[in-house]
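What follows is a short report on a single structure.
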Amino acid sequence: MALALKLRLARMAVDDQSEAATLLDESSAELRASLDELRELARGLHPVVLTDRGLNAAVRILADRSPVPVDIAQLPQDRLPTQVELAVYFVVAEALTNVAKYAHATGASVSIAVADHRVTVEVVDDGRGGADIARGSGLRGLADRVAAVDGDLEIHSPAGAGTRLRAAIPLGND
């Protein structure tokens, strides 16, 4: 962030039509892209809020940060096994990212329920539909992550009718 500030200060000190201005603008854009990539990488690691405050707080933060309004319909009352919480978190994170990037939705909802030794996660949006695991690397990666904890991922996404992403993950033992 300090580098971004220094680039902005340097940019203000040079003539708009100069070669230096062009180089500073390009450098600032590259720095922003690098910061975005770093943030994406950090999201792929274990989120601190998940460890410190639990799944419910982490999901609420994801919903609050979403550019699309998100209704949280249901959350579990108790903490879940660590690997299950992590998998559920990434299901919600990836689903809400896809809603924001591709769905053209006006709203989404998140529901996380525990029953019969399984946790079921549903993320539903009212967007344009058409999501397909075979076409999206993010969805394929998510399916792999869910499968790694012996879970199942389903997507129902008819064109023009929104998307319902559902993951069922056994609670297992931590």
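Ligands are numbered from 1 in the order shown, chains are lettered A, B, ... in the order of the structure tokens, and residues start at 1 in each chain.
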
Please list as a PDB file with N, CA and C atoms, in the first residue's frame every residue within 10 Å of Gly160 in chain A, counting only C-alpha atoms and excluding residues in the same chain fewer than 6 positions away.
```pdb
ATOM      1  N   ALA A 103     -23.518 -13.771 -12.812  1.00  0.00           N
ATOM      2  CA  ALA A 103     -24.955 -14.064 -12.777  1.00  0.00           C
ATOM      3  C   ALA A 103     -25.847 -12.907 -13.202  1.00  0.00           C
ATOM      4  N   ASP A 126     -30.887 -15.080  -8.311  1.00  0.00           N
ATOM      5  CA  ASP A 126     -31.964 -14.834  -9.267  1.00  0.00           C
ATOM      6  C   ASP A 126     -31.423 -14.328 -10.599  1.00  0.00           C
ATOM      7  N   GLY A 127     -30.205 -14.715 -10.912  1.00  0.00           N
ATOM      8  CA  GLY A 127     -29.532 -14.222 -12.117  1.00  0.00           C
ATOM      9  C   GLY A 127     -29.943 -14.941 -13.383  1.00  0.00           C
ATOM     10  N   ARG A 128     -29.048 -14.883 -14.358  1.00  0.00           N
ATOM     11  CA  ARG A 128     -29.360 -15.388 -15.700  1.00  0.00           C
ATOM     12  C   ARG A 128     -29.165 -16.885 -15.876  1.00  0.00           C
ATOM     13  N   GLY A 129     -28.601 -17.562 -14.871  1.00  0.00           N
ATOM     14  CA  GLY A 129     -28.407 -19.011 -14.971  1.00  0.00           C
ATOM     15  C   GLY A 129     -27.314 -19.372 -15.960  1.00  0.00           C
ATOM     16  N   GLY A 130     -27.285 -20.637 -16.338  1.00  0.00           N
ATOM     17  CA  GLY A 130     -26.316 -21.109 -17.313  1.00  0.00           C
ATOM     18  C   GLY A 130     -24.978 -21.541 -16.728  1.00  0.00           C
TER      19      GLY A 130
END
```

Legend entry - strand (DSSP E or B) per DSSP on the backbone: members of range 65-132 of chain A, as a PyMOL selection string: chain A and resi 70-74+108-115+118-125

Could you list, as a JSON list (two decimals) with N, CA and C atoms, in the first residue's frame, every residue within 8 Å of Val99 in chain A, counting only C-alpha atoms and ignoring same-chain residues fewer than 6 positions away?
```json
[["chain", "number", "residue", "atom", "x", "y", "z"],
["A", 68, "VAL", "N", -23.64, -7.95, -4.58],
["A", 68, "VAL", "CA", -25.04, -8.34, -4.78],
["A", 68, "VAL", "C", -25.64, -8.56, -3.39],
["A", 105, "ALA", "N", -27.24, -10.98, -11.21],
["A", 105, "ALA", "CA", -28.33, -11.19, -10.27],
["A", 105, "ALA", "C", -28.64, -9.90, -9.51],
["A", 108, "ALA", "N", -29.17, -12.78, -3.81],
["A", 108, "ALA", "CA", -28.77, -14.18, -3.58],
["A", 108, "ALA", "C", -29.13, -14.52, -2.15],
["A", 125, "ASP", "N", -29.26, -17.78, -6.50],
["A", 125, "ASP", "CA", -29.36, -16.41, -7.01],
["A", 125, "ASP", "C", -30.48, -16.30, -8.03],
["A", 127, "GLY", "N", -30.20, -14.71, -10.91],
["A", 127, "GLY", "CA", -29.53, -14.22, -12.12],
["A", 127, "GLY", "C", -29.94, -14.94, -13.38]]
```

Legend entry - Nearest to Asn98 in chain A, chosen from A:Ala134, A:Leu142, A:Leu55, A:Ile169, with only C-alpha atoms counted in the distances: A:Leu142

At a cut-off of 12 Å, using only C-alpha atoms, what residues contact Leu139 in chain A? Leave out same-chain residues fewer than 3 positions from it and give the result as a CSV table (one decimal) with N, CA and C atoms, in the first residue's frame.
```csv
chain,number,residue,atom,x,y,z
A,90,PHE,N,-15.5,-22.1,1.7
A,90,PHE,CA,-15.1,-21.9,0.3
A,90,PHE,C,-16.3,-22.2,-0.7
A,91,VAL,N,-17.2,-23.0,-0.3
A,91,VAL,CA,-18.4,-23.1,-1.2
A,91,VAL,C,-19.1,-21.8,-1.3
A,92,VAL,N,-19.4,-21.2,-0.1
A,92,VAL,CA,-20.1,-19.9,-0.1
A,92,VAL,C,-19.3,-18.8,-0.8
A,93,ALA,N,-18.0,-18.8,-0.5
A,93,ALA,CA,-17.1,-17.7,-1.1
A,93,ALA,C,-17.1,-17.8,-2.6
A,94,GLU,N,-16.9,-19.0,-3.1
A,94,GLU,CA,-16.8,-19.2,-4.6
A,94,GLU,C,-18.2,-19.0,-5.2
A,95,ALA,N,-19.2,-19.4,-4.6
A,95,ALA,CA,-20.6,-19.2,-5.1
A,95,ALA,C,-20.9,-17.7,-5.2
A,96,LEU,N,-20.6,-17.0,-4.1
A,96,LEU,CA,-20.9,-15.6,-4.1
A,96,LEU,C,-20.1,-14.8,-5.1
A,97,THR,N,-18.8,-15.2,-5.2
A,97,THR,CA,-17.9,-14.6,-6.3
A,97,THR,C,-18.5,-14.8,-7.6
A,98,ASN,N,-19.0,-16.0,-7.9
A,98,ASN,CA,-19.6,-16.3,-9.2
A,98,ASN,C,-20.9,-15.5,-9.4
A,99,VAL,N,-21.7,-15.4,-8.4
A,99,VAL,CA,-22.9,-14.5,-8.5
A,99,VAL,C,-22.5,-13.1,-8.9
A,131,ALA,N,-24.9,-21.6,-15.4
A,131,ALA,CA,-23.6,-22.0,-14.8
A,131,ALA,C,-23.4,-23.5,-15.1
A,132,ASP,N,-22.1,-23.9,-15.4
A,132,ASP,CA,-21.8,-25.3,-15.8
A,132,ASP,C,-20.5,-25.6,-15.2
A,133,ILE,N,-20.4,-26.7,-14.4
A,133,ILE,CA,-19.1,-27.1,-13.8
A,133,ILE,C,-18.1,-27.4,-14.9
A,134,ALA,N,-18.6,-28.0,-16.0
A,134,ALA,CA,-17.6,-28.4,-17.1
A,134,ALA,C,-17.0,-27.2,-17.7
A,135,ARG,N,-17.6,-26.0,-17.7
A,135,ARG,CA,-17.0,-24.8,-18.3
A,135,ARG,C,-16.3,-23.9,-17.4
A,136,GLY,N,-16.4,-24.0,-16.1
A,136,GLY,CA,-15.8,-23.1,-15.2
A,136,GLY,C,-14.7,-23.7,-14.3
A,142,LEU,N,-14.1,-26.1,-7.0
A,142,LEU,CA,-15.0,-26.2,-5.9
A,142,LEU,C,-15.5,-27.6,-5.7
A,143,ALA,N,-15.9,-28.2,-6.9
A,143,ALA,CA,-16.4,-29.6,-6.8
A,143,ALA,C,-15.3,-30.5,-6.3
A,144,ASP,N,-14.0,-30.3,-6.7
A,144,ASP,CA,-12.9,-31.1,-6.2
A,144,ASP,C,-12.7,-30.9,-4.7
A,145,ARG,N,-12.8,-29.6,-4.2
A,145,ARG,CA,-12.7,-29.3,-2.8
A,145,ARG,C,-13.8,-30.0,-2.0
A,146,VAL,N,-15.0,-30.0,-2.5
A,146,VAL,CA,-16.1,-30.7,-1.8
A,146,VAL,C,-15.9,-32.2,-1.8
A,153,LEU,N,-21.4,-32.0,-4.8
A,153,LEU,CA,-21.8,-30.7,-5.3
A,153,LEU,C,-22.7,-30.8,-6.4
A,154,GLU,N,-23.8,-30.1,-6.4
A,154,GLU,CA,-24.8,-30.1,-7.5
A,154,GLU,C,-25.1,-28.6,-7.9
A,155,ILE,N,-25.3,-28.4,-9.1
A,155,ILE,CA,-25.6,-27.1,-9.6
A,155,ILE,C,-26.9,-27.3,-10.5
A,165,LEU,N,-26.8,-23.6,-6.2
A,165,LEU,CA,-25.6,-24.5,-6.0
A,165,LEU,C,-25.8,-25.1,-4.6
A,166,ARG,N,-25.7,-26.4,-4.6
A,166,ARG,CA,-25.9,-27.2,-3.4
A,166,ARG,C,-24.8,-28.1,-3.1
A,167,ALA,N,-24.2,-28.1,-1.9
A,167,ALA,CA,-23.2,-29.0,-1.5
A,167,ALA,C,-23.6,-29.7,-0.2
```

Residue contacts of Val49 in chain A (6 Å, only C-alpha atoms) excluding same-chain residues fewer than 3 positions away, as an mmCIF file with C-alpha atoms, in the first residue's frame:
```cif
data_model
loop_
_atom_site.group_PDB
_atom_site.id
_atom_site.type_symbol
_atom_site.label_atom_id
_atom_site.label_comp_id
_atom_site.auth_asym_id
_atom_site.auth_seq_id
_atom_site.Cartn_x
_atom_site.Cartn_y
_atom_site.Cartn_z
ATOM 1 C CA ASP A 52 -11.170 -16.834 15.444
ATOM 2 C CA ARG A 53 -14.923 -16.293 15.165
ATOM 3 C CA ALA A 58 -17.109 -15.664 8.210
#
```

Legend entry - Shell of 9 Å around range 5-19 of chain A, only C-alpha atoms, local chain residues under 6 positions omitted, as JSON, numbers by chain: {"A": [25, 27, 28]}

Legend entry - Residues near Arg60 in chain A, cut-off 10 Å, only C-alpha atoms, skip fewer than 5 positions along chain, as a ChimeraX atom specification: /A:55,65-66,70-72,75,110

Inset, instruction - Taking the DSSP assignment computed from this structure's backbone, write out as a VMD selection string all residues of range 73-170 of chain A that belong to helix (DSSP H, G or I). - result: chain A and resid 82 to 103 137 to 148

Write the residues you've just listed into a file as a short mmCIF file (atom, residue, chain, number, x, y, z; two decimals), in the first residue's frame, and include N, CA and C atoms for each of them.
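Dumped to part04.cif:
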```cif
data_model
loop_
_atom_site.label_atom_id
_atom_site.label_comp_id
_atom_site.auth_asym_id
_atom_site.auth_seq_id
_atom_site.Cartn_x
_atom_site.Cartn_y
_atom_site.Cartn_z
N THR A 82 -13.37 -28.59 11.79
CA THR A 82 -12.54 -27.60 11.09
C THR A 82 -12.56 -27.78 9.58
N GLN A 83 -12.31 -29.00 9.09
CA GLN A 83 -12.26 -29.22 7.64
C GLN A 83 -13.63 -29.00 6.98
N VAL A 84 -14.69 -29.30 7.71
CA VAL A 84 -16.04 -29.08 7.18
C VAL A 84 -16.31 -27.58 7.10
N GLU A 85 -15.98 -26.84 8.16
CA GLU A 85 -16.17 -25.39 8.13
C GLU A 85 -15.39 -24.76 6.98
N LEU A 86 -14.17 -25.21 6.79
CA LEU A 86 -13.35 -24.67 5.71
C LEU A 86 -13.98 -24.94 4.35
N ALA A 87 -14.43 -26.17 4.13
CA ALA A 87 -15.07 -26.51 2.86
C ALA A 87 -16.35 -25.70 2.65
N VAL A 88 -17.17 -25.56 3.69
CA VAL A 88 -18.40 -24.79 3.59
C VAL A 88 -18.09 -23.33 3.27
N TYR A 89 -17.09 -22.79 3.95
CA TYR A 89 -16.68 -21.40 3.71
C TYR A 89 -16.33 -21.20 2.24
N PHE A 90 -15.52 -22.11 1.68
CA PHE A 90 -15.11 -21.94 0.30
C PHE A 90 -16.26 -22.16 -0.68
N VAL A 91 -17.21 -23.00 -0.34
CA VAL A 91 -18.40 -23.14 -1.18
C VAL A 91 -19.12 -21.80 -1.26
N VAL A 92 -19.36 -21.19 -0.10
CA VAL A 92 -20.07 -19.91 -0.07
C VAL A 92 -19.25 -18.83 -0.77
N ALA A 93 -17.96 -18.76 -0.49
CA ALA A 93 -17.10 -17.73 -1.09
C ALA A 93 -17.09 -17.83 -2.61
N GLU A 94 -16.89 -19.04 -3.15
CA GLU A 94 -16.83 -19.22 -4.60
C GLU A 94 -18.20 -18.95 -5.23
N ALA A 95 -19.25 -19.44 -4.59
CA ALA A 95 -20.59 -19.22 -5.14
C ALA A 95 -20.93 -17.74 -5.19
N LEU A 96 -20.64 -17.00 -4.12
CA LEU A 96 -20.95 -15.56 -4.12
C LEU A 96 -20.06 -14.79 -5.09
N THR A 97 -18.82 -15.24 -5.25
CA THR A 97 -17.94 -14.63 -6.26
C THR A 97 -18.52 -14.82 -7.65
N ASN A 98 -19.01 -16.03 -7.93
CA ASN A 98 -19.61 -16.29 -9.24
C ASN A 98 -20.89 -15.49 -9.45
N VAL A 99 -21.69 -15.35 -8.40
CA VAL A 99 -22.90 -14.54 -8.50
C VAL A 99 -22.52 -13.12 -8.90
N ALA A 100 -21.52 -12.56 -8.22
CA ALA A 100 -21.11 -11.18 -8.50
C ALA A 100 -20.51 -11.02 -9.89
N LYS A 101 -19.73 -12.01 -10.33
CA LYS A 101 -19.02 -11.88 -11.61
C LYS A 101 -19.88 -12.21 -12.82
N TYR A 102 -20.74 -13.22 -12.71
CA TYR A 102 -21.35 -13.78 -13.92
C TYR A 102 -22.87 -13.79 -13.94
N ALA A 103 -23.52 -13.77 -12.81
CA ALA A 103 -24.95 -14.06 -12.78
C ALA A 103 -25.85 -12.91 -13.20
N SER A 137 -13.50 -23.18 -14.35
CA SER A 137 -12.44 -23.76 -13.53
C SER A 137 -12.72 -23.54 -12.05
N GLY A 138 -13.35 -22.41 -11.69
CA GLY A 138 -13.69 -22.17 -10.30
C GLY A 138 -14.66 -23.20 -9.77
N LEU A 139 -15.68 -23.51 -10.57
CA LEU A 139 -16.67 -24.51 -10.15
C LEU A 139 -16.06 -25.91 -10.11
N ARG A 140 -15.19 -26.22 -11.06
CA ARG A 140 -14.50 -27.52 -11.03
C ARG A 140 -13.64 -27.64 -9.78
N GLY A 141 -12.91 -26.57 -9.47
CA GLY A 141 -12.08 -26.57 -8.27
C GLY A 141 -12.92 -26.71 -7.02
N LEU A 142 -14.09 -26.09 -7.02
CA LEU A 142 -14.99 -26.19 -5.88
C LEU A 142 -15.52 -27.61 -5.75
N ALA A 143 -15.89 -28.22 -6.87
CA ALA A 143 -16.35 -29.61 -6.84
C ALA A 143 -15.26 -30.52 -6.30
N ASP A 144 -14.01 -30.27 -6.69
CA ASP A 144 -12.88 -31.06 -6.18
C ASP A 144 -12.70 -30.85 -4.68
N ARG A 145 -12.84 -29.61 -4.22
CA ARG A 145 -12.68 -29.31 -2.79
C ARG A 145 -13.75 -30.03 -1.98
N VAL A 146 -15.00 -30.02 -2.48
CA VAL A 146 -16.10 -30.69 -1.78
C VAL A 146 -15.88 -32.21 -1.80
N ALA A 147 -15.45 -32.73 -2.93
CA ALA A 147 -15.19 -34.17 -3.03
C ALA A 147 -14.06 -34.60 -2.09
N ALA A 148 -13.10 -33.72 -1.84
CA ALA A 148 -11.97 -34.04 -0.97
C ALA A 148 -12.42 -34.29 0.47
#
```

Inset, instruction - Tell me, in Å to one decimal, how far CA of Pro170 in chain A is from CA of Gly107 in chain A. - result: 28.3 Å

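The residue that comes closest to Asp150 in chain A, out of A:Asp78, A:Gly172, A:Ser34, A:Leu23 and on the basis of only C-alpha atoms, is A:Gly172.
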